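J.: Provided herewith: input_23.tsv, TSV, C-alpha atoms.
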```tsv
chain	number	residue	atom	x	y	z
Y	1	MET	CA	-11.18	7.90	12.09
Y	2	PRO	CA	-10.29	10.66	9.62
Y	3	ALA	CA	-13.07	11.55	7.24
Y	4	THR	CA	-10.90	10.85	4.21
Y	5	ALA	CA	-10.11	7.34	5.41
Y	6	LEU	CA	-13.78	6.46	5.62
Y	7	GLN	CA	-14.44	8.03	2.26
Y	8	SER	CA	-11.63	6.13	0.61
Y	9	ALA	CA	-12.48	2.77	2.17
Y	10	THR	CA	-16.07	3.10	1.04
Y	11	ALA	CA	-14.93	4.00	-2.44
Y	12	VAL	CA	-12.67	0.97	-2.55
Y	13	LYS	CA	-15.57	-1.26	-1.59
Y	14	ARG	CA	-17.50	0.10	-4.55
Y	15	SER	CA	-14.72	-0.10	-7.06
Y	16	TYR	CA	-12.90	-3.41	-6.55
Y	17	SER	CA	-14.43	-6.37	-8.25
Y	18	THR	CA	-11.64	-8.64	-9.37
Y	19	GLY	CA	-10.83	-10.42	-6.11
Y	20	THR	CA	-11.35	-14.17	-5.89
Y	21	VAL	CA	-13.69	-13.76	-2.91
Y	22	SER	CA	-16.71	-11.46	-2.80
Y	23	ARG	CA	-16.67	-8.41	-0.55
Y	24	SER	CA	-19.73	-9.61	1.32
Y	25	LYS	CA	-17.98	-12.86	2.22
Y	26	VAL	CA	-14.89	-10.95	3.33
Y	27	ARG	CA	-17.04	-8.60	5.41
Y	28	LYS	CA	-18.77	-11.55	7.07
Y	29	ALA	CA	-15.44	-13.26	7.83
Y	30	VAL	CA	-13.93	-10.08	9.28
Y	31	LYS	CA	-16.98	-9.48	11.49
Y	32	LYS	CA	-16.91	-13.08	12.71
Y	33	VAL	CA	-13.20	-13.03	13.56
Y	34	LEU	CA	-13.47	-9.69	15.33
Y	35	ALA	CA	-16.43	-10.93	17.32
Y	36	ASP	CA	-14.47	-14.02	18.33
Y	37	GLU	CA	-11.56	-11.85	19.34
Y	38	SER	CA	-13.77	-9.66	21.54
Y	39	ARG	CA	-14.93	-12.80	23.28
Y	40	GLN	CA	-11.32	-13.88	23.83
Y	41	ARG	CA	-10.42	-10.48	25.24
Y	42	ARG	CA	-13.33	-10.63	27.65
Y	43	ASP	CA	-12.06	-14.02	28.75
Y	44	GLY	CA	-8.64	-12.52	29.35
Y	45	VAL	CA	-6.93	-14.23	26.41
Y	46	ALA	CA	-5.07	-11.49	24.55
Y	47	PRO	CA	-4.37	-12.19	20.88
Y	48	GLN	CA	-0.74	-12.68	19.96
Y	49	LEU	CA	0.88	-9.85	18.05
Y	50	HIS	CA	2.80	-10.69	14.94
Y	51	PRO	CA	6.34	-11.40	16.11
Y	52	LYS	CA	8.10	-9.76	13.18
Y	53	LYS	CA	9.85	-6.39	13.24
J	1	MET	CA	-9.71	-2.54	-13.10
J	2	PRO	CA	-10.89	-0.28	-10.26
J	3	VAL	CA	-12.64	3.01	-10.93
J	4	ALA	CA	-10.04	5.80	-10.93
J	5	GLN	CA	-10.05	8.23	-8.00
J	6	TYR	CA	-7.08	10.36	-8.97
J	7	ASP	CA	-6.75	12.38	-5.75
J	8	GLN	CA	-7.06	9.30	-3.51
J	9	ASP	CA	-5.02	6.79	-5.47
J	10	VAL	CA	-1.43	5.86	-4.64
J	11	PHE	CA	0.68	3.95	-7.12
J	12	VAL	CA	2.76	1.41	-5.18
J	13	ASN	CA	5.94	0.88	-7.16
J	14	CYS	CA	7.66	-1.65	-4.93
J	15	PRO	CA	9.14	-5.13	-5.36
J	16	PHE	CA	6.68	-8.02	-5.39
J	17	ASP	CA	9.12	-10.72	-4.26
J	18	ASP	CA	8.74	-12.78	-1.09
J	19	GLU	CA	11.64	-11.07	0.62
J	20	TYR	CA	9.91	-7.70	0.30
J	21	ARG	CA	6.43	-9.04	1.11
J	22	ASP	CA	6.31	-7.74	4.71
J	23	LEU	CA	7.14	-4.21	3.56
J	24	PHE	CA	4.77	-4.35	0.59
J	25	ASP	CA	1.80	-5.54	2.64
J	26	ALA	CA	2.51	-2.96	5.35
J	27	ILE	CA	2.75	-0.09	2.84
J	28	VAL	CA	-0.55	-1.12	1.21
J	29	PHE	CA	-2.21	-1.26	4.64
J	30	ALA	CA	-0.78	2.13	5.67
J	31	VAL	CA	-1.99	3.78	2.46
J	32	HIS	CA	-5.55	2.56	3.09
J	33	ASP	CA	-5.48	3.32	6.81
J	34	CYS	CA	-4.51	6.91	6.00
J	35	GLY	CA	-7.58	7.32	3.78
J	36	PHE	CA	-6.05	6.64	0.38
J	37	ARG	CA	-6.16	3.67	-1.96
J	38	ALA	CA	-3.16	1.62	-3.02
J	39	ARG	CA	-2.89	0.56	-6.64
J	40	CYS	CA	-0.30	-1.56	-8.37
J	41	ALA	CA	0.23	-3.79	-11.38
J	42	LEU	CA	-1.04	-6.80	-9.42
J	43	GLU	CA	-4.60	-5.46	-9.33
J	44	ALA	CA	-5.46	-6.40	-12.92
J	45	ASP	CA	-4.80	-9.92	-14.12
J	46	ASP	CA	-5.75	-9.38	-17.72
J	47	GLY	CA	-3.80	-11.41	-20.26
J	48	THR	CA	-5.07	-9.24	-23.11
J	49	GLN	CA	-3.42	-6.14	-21.70
J	50	VAL	CA	0.27	-5.43	-22.31
J	51	ARG	CA	2.00	-5.05	-18.94
J	52	PHE	CA	3.57	-1.71	-19.79
J	53	GLU	CA	0.21	-0.28	-20.89
J	54	LYS	CA	-1.35	-1.47	-17.65
J	55	ILE	CA	1.35	0.28	-15.62
J	56	VAL	CA	1.04	3.47	-17.66
J	57	GLY	CA	-2.72	3.47	-17.05
J	58	ILE	CA	-2.28	3.07	-13.30
J	59	ILE	CA	0.37	5.82	-13.15
J	60	GLN	CA	-1.92	8.11	-15.12
J	61	GLY	CA	-4.72	7.43	-12.65
J	62	CYS	CA	-2.72	8.07	-9.48
J	63	ARG	CA	-1.87	11.47	-8.05
J	64	TYR	CA	0.51	9.85	-5.57
J	65	GLY	CA	3.28	7.29	-5.90
J	66	VAL	CA	5.42	5.30	-3.46
J	67	HIS	CA	8.61	4.19	-5.19
J	68	ASP	CA	10.98	1.87	-3.39
J	69	LEU	CA	14.40	1.63	-5.01
J	70	SER	CA	15.86	-0.72	-2.41
J	71	ARG	CA	15.92	-3.79	-4.67
J	72	THR	CA	19.29	-3.21	-6.33
J	73	GLU	CA	20.78	-6.65	-5.75
J	74	LEU	CA	21.74	-8.76	-8.75
J	75	ASP	CA	19.27	-11.49	-9.59
J	76	VAL	CA	20.62	-14.80	-8.24
J	77	GLU	CA	19.64	-16.70	-11.36
J	78	HIS	CA	20.87	-14.28	-14.03
J	79	GLY	CA	23.34	-12.06	-12.19
J	80	LEU	CA	21.56	-8.95	-13.45
J	81	PRO	CA	19.77	-6.12	-11.61
J	82	ARG	CA	16.04	-5.44	-11.97
J	83	PHE	CA	15.23	-2.04	-13.46
J	84	ASN	CA	11.43	-2.05	-13.20
J	85	MET	CA	11.19	0.21	-10.15
J	86	PRO	CA	13.53	2.93	-11.50
J	87	LEU	CA	11.77	2.74	-14.89
J	88	GLU	CA	8.35	3.24	-13.29
J	89	LEU	CA	9.68	6.06	-11.10
J	90	GLY	CA	10.96	7.67	-14.31
J	91	LEU	CA	7.53	7.30	-15.91
J	92	PHE	CA	5.89	8.86	-12.86
J	93	LEU	CA	8.33	11.80	-12.82
J	94	GLY	CA	7.94	12.17	-16.59
J	95	ALA	CA	4.15	12.32	-16.30
J	96	SER	CA	4.53	14.95	-13.62
J	97	ARG	CA	6.95	16.93	-15.75
J	98	PHE	CA	5.35	16.73	-19.17
J	99	GLY	CA	1.72	15.88	-18.44
J	100	GLY	CA	-1.29	18.16	-18.25
J	101	ARG	CA	-2.49	20.18	-15.27
J	102	ARG	CA	-3.68	17.15	-13.31
J	103	GLN	CA	-0.54	15.13	-13.97
J	104	LYS	CA	1.59	18.04	-12.77
J	105	GLN	CA	-0.06	17.65	-9.33
J	106	LYS	CA	1.71	14.33	-8.87
J	107	ASN	CA	3.54	13.76	-5.61
J	108	ALA	CA	6.12	11.00	-5.07
J	109	LEU	CA	7.63	9.32	-2.03
J	110	ILE	CA	10.96	7.71	-2.90
J	111	LEU	CA	12.21	5.04	-0.53
J	112	ASP	CA	15.49	3.17	-0.26
J	113	THR	CA	17.15	1.15	2.46
J	114	GLU	CA	19.43	4.10	3.30
J	115	GLU	CA	18.79	7.78	2.71
J	116	HIS	CA	21.78	8.62	0.49
J	117	ARG	CA	22.59	5.23	-1.02
J	118	TYR	CA	20.69	6.03	-4.26
J	119	GLN	CA	23.39	8.55	-5.19
J	120	ARG	CA	25.65	5.61	-6.03
J	121	PHE	CA	23.27	4.02	-8.56
J	122	ILE	CA	20.75	6.66	-9.71
J	123	SER	CA	22.48	9.97	-9.11
J	124	ASP	CA	20.30	11.82	-11.63
J	125	ILE	CA	17.59	12.11	-8.98
J	126	SER	CA	19.95	13.90	-6.60
J	127	GLY	CA	18.08	16.78	-5.07
J	128	GLN	CA	14.92	14.72	-4.59
J	129	ASP	CA	14.07	13.68	-1.04
J	130	VAL	CA	14.78	9.99	-0.63
J	131	HIS	CA	13.74	8.35	2.63
J	132	GLY	CA	15.56	5.38	4.13
J	133	HIS	CA	13.48	2.67	5.79
J	134	GLY	CA	16.36	0.36	6.67
J	135	GLY	CA	14.17	-2.63	5.84
J	136	SER	CA	12.01	-1.83	8.88
J	137	VAL	CA	8.26	-2.25	8.48
J	138	ALA	CA	7.57	0.24	11.28
J	139	GLU	CA	9.80	2.85	9.63
J	140	ALA	CA	8.19	2.33	6.22
J	141	VAL	CA	4.68	2.65	7.67
J	142	GLU	CA	5.53	5.83	9.57
J	143	THR	CA	7.27	7.33	6.53
J	144	VAL	CA	4.28	6.63	4.27
J	145	ARG	CA	1.90	8.09	6.86
J	146	ASP	CA	3.96	11.27	7.33
J	147	TRP	CA	4.25	11.75	3.58
J	148	LEU	CA	0.50	11.35	3.03
J	149	ARG	CA	-0.20	13.79	5.87
J	150	SER	CA	2.12	16.33	4.21
J	151	ALA	CA	0.43	15.63	0.87
J	152	LEU	CA	-2.95	16.57	2.35
J	153	VAL	CA	-1.51	19.78	3.78
J	154	ALA	CA	0.12	20.55	0.42
J	155	ARG	CA	-3.25	20.35	-1.32
J	156	GLY	CA	-4.84	22.63	1.25
J	157	GLU	CA	-6.54	20.04	3.49
J	158	LYS	CA	-4.91	21.24	6.68
J	159	GLY	CA	-7.77	20.41	9.02
J	160	VAL	CA	-7.96	16.70	8.19
J	161	ARG	CA	-7.20	14.42	11.11
J	162	MET	CA	-4.91	11.48	10.51
J	163	ARG	CA	-3.62	8.95	13.01
J	164	GLY	CA	0.08	9.11	13.86
J	165	GLY	CA	2.50	6.69	12.22
J	166	GLU	CA	3.06	4.69	15.41
J	167	LYS	CA	-0.68	4.20	15.76
J	168	VAL	CA	-1.01	3.09	12.13
J	169	TYR	CA	1.78	0.58	12.71
J	170	GLU	CA	0.11	-0.66	15.88
J	171	ARG	CA	-3.12	-1.13	13.93
J	172	TYR	CA	-1.20	-3.00	11.22
J	173	ARG	CA	0.11	-5.42	13.85
J	174	ARG	CA	-3.43	-5.96	15.11
J	175	PHE	CA	-4.54	-6.56	11.53
J	176	LEU	CA	-1.79	-9.15	11.09
J	177	THR	CA	-3.01	-10.87	14.22
J	178	ASP	CA	-6.50	-11.15	12.76
J	179	LEU	CA	-5.46	-12.01	9.20
J	180	PRO	CA	-4.83	-15.78	9.60
J	181	ALA	CA	-8.27	-16.31	11.16
J	182	ILE	CA	-9.96	-14.19	8.47
J	183	CYS	CA	-8.17	-16.21	5.77
J	184	GLU	CA	-9.21	-19.44	7.46
J	185	GLU	CA	-12.83	-18.31	7.33
J	186	LEU	CA	-12.41	-17.56	3.63
J	187	GLU	CA	-10.44	-20.73	2.90
J	188	LEU	CA	-7.52	-18.67	1.61
J	189	ASN	CA	-3.81	-19.16	2.23
J	190	PRO	CA	-2.51	-15.98	3.93
J	191	ALA	CA	0.94	-16.65	2.46
J	192	LYS	CA	-0.44	-16.66	-1.09
J	193	LEU	CA	-3.14	-14.02	-0.89
J	194	PRO	CA	-4.02	-12.43	-4.25
J	195	TYR	CA	-3.55	-8.65	-4.16
J	196	ASN	CA	-7.24	-7.82	-4.64
J	197	ASP	CA	-8.28	-10.19	-1.87
J	198	TYR	CA	-5.66	-8.69	0.42
J	199	THR	CA	-6.88	-5.14	-0.21
J	200	THR	CA	-10.52	-6.17	0.21
J	201	ILE	CA	-9.68	-7.72	3.59
J	202	VAL	CA	-7.69	-4.59	4.54
J	203	VAL	CA	-10.59	-2.31	3.67
J	204	GLU	CA	-13.20	-4.40	5.48
J	205	TRP	CA	-10.95	-4.67	8.53
J	206	ILE	CA	-10.44	-0.87	8.56
J	207	LEU	CA	-14.19	-0.32	8.27
J	208	GLU	CA	-14.77	-2.57	11.29
J	209	ASN	CA	-11.94	-0.97	13.28
J	210	ARG	CA	-12.43	2.75	12.81
```
Just dump the structure as structure tokens.

T.:
Amino acid sequence: MPATALQSATAVKRSYSTGTVSRSKVRKAVKKVLADESRQRRDGVAPQLHPKK
Amino acid sequence: MPVAQYDQDVFVNCPFDDEYRDLFDAIVFAVHDCGFRARCALEADDGTQVRFEKIVGIIQGCRYGVHDLSRTELDVEHGLPRFNMPLELGLFLGASRFGGRRQKQKNALILDTEEHRYQRFISDISGQDVHGHGGSVAEAVETVRDWLRSALVARGEKGVRMRGGEKVYERYRRFLTDLPAICEELELNPAKLPYNDYTTIVVEWILENR
């Protein structure tokens, strides 16, 4: 990952505060979904790509 | 209102309607995945702030701006065109022209459905580079990525690595695959995701998928 991308993403985490859901909850949800997906991949079930465009 | 990061912030001056939603979401994702931060009028829902003042503040705080002029159709209800995007492009160009040293560093990406179509409705910007995306999400993502890469080179950051546009688009598709499940976990409707929640999910997803 480019250094600037990491820098920016970290900065965004610090600076946004007006979402309806807290960042920690979002982080937890993302981690959980990605973990589930890894399990699916190991089982040979590839996730569907978005069909659009 | 987020803390300003002038050199990293990108003002997204694009339609907010449902028809444009795929392009809007993809552009916001691409901006973040390339190491920048997308900002737009949707980020601050403050009834005490006049909309125009809010937009001026965001433009002032962003070195970069993506301006999509593709929404030229007449409004179905009123039979009139919407002028917000050209107005905000004008503000951005004006800040760049008449502002101080920092404002003069501004850099704009102007998008339309076709490359030369703008000459028929906003010919005063002839001579500016306008990029056509043809309504394609992939094309818009790759165009935004290439522009941001050039912007880094233009400010002297030649050694910075950035994923190619096709890769960013591929990652966006993966993100879209994960988004419904993430929203389910958060008890949010992915079709009606508030802007700040969307960007928070984008950022957290990028951090977990470096």

J.: List the spatial neighbours of Ala140 (chain J) as a list in words - criterion: any atom at most 8 Å away, all atoms listed in the file, same-chain residues fewer than 3 positions off excluded.

T.: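 Selected residues are Leu23, Ala26, Ile27, His133, Gly135, Ser136, Val137, Thr143 and Val144 of chain J.
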
J.: Show me which bits of chain J are within 8 Å of chain Y, counting only C-alpha atoms, as a PDB file with C-alpha atoms, in the coordinates of the input.

T.:
```pdb
ATOM      1  CA  MET J   1      -9.710  -2.540 -13.100  1.00  0.00           C
ATOM      2  CA  PRO J   2     -10.890  -0.280 -10.260  1.00  0.00           C
ATOM      3  CA  VAL J   3     -12.640   3.010 -10.930  1.00  0.00           C
ATOM      4  CA  GLN J   8      -7.060   9.300  -3.510  1.00  0.00           C
ATOM      5  CA  HIS J  32      -5.550   2.560   3.090  1.00  0.00           C
ATOM      6  CA  ASP J  33      -5.480   3.320   6.810  1.00  0.00           C
ATOM      7  CA  CYS J  34      -4.510   6.910   6.000  1.00  0.00           C
ATOM      8  CA  GLY J  35      -7.580   7.320   3.780  1.00  0.00           C
ATOM      9  CA  PHE J  36      -6.050   6.640   0.380  1.00  0.00           C
ATOM     10  CA  ARG J  37      -6.160   3.670  -1.960  1.00  0.00           C
ATOM     11  CA  GLU J  43      -4.600  -5.460  -9.330  1.00  0.00           C
ATOM     12  CA  ALA J  44      -5.460  -6.400 -12.920  1.00  0.00           C
ATOM     13  CA  SER J 136      12.010  -1.830   8.880  1.00  0.00           C
ATOM     14  CA  VAL J 137       8.260  -2.250   8.480  1.00  0.00           C
ATOM     15  CA  ALA J 138       7.570   0.240  11.280  1.00  0.00           C
ATOM     16  CA  VAL J 160      -7.960  16.700   8.190  1.00  0.00           C
ATOM     17  CA  ARG J 161      -7.200  14.420  11.110  1.00  0.00           C
ATOM     18  CA  MET J 162      -4.910  11.480  10.510  1.00  0.00           C
ATOM     19  CA  ARG J 163      -3.620   8.950  13.010  1.00  0.00           C
ATOM     20  CA  ARG J 173       0.110  -5.420  13.850  1.00  0.00           C
ATOM     21  CA  ARG J 174      -3.430  -5.960  15.110  1.00  0.00           C
ATOM     22  CA  LEU J 176      -1.790  -9.150  11.090  1.00  0.00           C
ATOM     23  CA  THR J 177      -3.010 -10.870  14.220  1.00  0.00           C
ATOM     24  CA  ASP J 178      -6.500 -11.150  12.760  1.00  0.00           C
ATOM     25  CA  ALA J 181      -8.270 -16.310  11.160  1.00  0.00           C
ATOM     26  CA  ILE J 182      -9.960 -14.190   8.470  1.00  0.00           C
ATOM     27  CA  GLU J 185     -12.830 -18.310   7.330  1.00  0.00           C
ATOM     28  CA  LEU J 186     -12.410 -17.560   3.630  1.00  0.00           C
ATOM     29  CA  PRO J 194      -4.020 -12.430  -4.250  1.00  0.00           C
ATOM     30  CA  TYR J 195      -3.550  -8.650  -4.160  1.00  0.00           C
ATOM     31  CA  ASN J 196      -7.240  -7.820  -4.640  1.00  0.00           C
ATOM     32  CA  ASP J 197      -8.280 -10.190  -1.870  1.00  0.00           C
ATOM     33  CA  THR J 200     -10.520  -6.170   0.210  1.00  0.00           C
ATOM     34  CA  ILE J 201      -9.680  -7.720   3.590  1.00  0.00           C
ATOM     35  CA  VAL J 203     -10.590  -2.310   3.670  1.00  0.00           C
ATOM     36  CA  GLU J 204     -13.200  -4.400   5.480  1.00  0.00           C
ATOM     37  CA  TRP J 205     -10.950  -4.670   8.530  1.00  0.00           C
ATOM     38  CA  ILE J 206     -10.440  -0.870   8.560  1.00  0.00           C
ATOM     39  CA  LEU J 207     -14.190  -0.320   8.270  1.00  0.00           C
ATOM     40  CA  GLU J 208     -14.770  -2.570  11.290  1.00  0.00           C
ATOM     41  CA  ARG J 210     -12.430   2.750  12.810  1.00  0.00           C
TER      42      ARG J 210
END
```

J.: Between CA of Val56 (chain J) and CA of Leu87 (chain J), what distance in Å does the model show, to one decimal?

T.: 11.1 Å

J.: Measure the distance from CA of Phe175 (chain J) to CA of Phe24 (chain J) in Å and round it to one decimal.

T.: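 Here the two named atoms are 14.5 Å from each other.
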
J.: Please, which residues are within 12 Å of (16.4, 12.5, -6.6) by the file's coordinates, counting only C-alpha atoms, and could they come as a ChimeraX atom specification?

T.: /J:67,69,86,89-90,93,108-112,115-131

J.: In Å, how far is it from CA of Tyr64 (chain J) to CA of Glu170 (chain J)?

T.: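 A separation of 23.9 Å between them.
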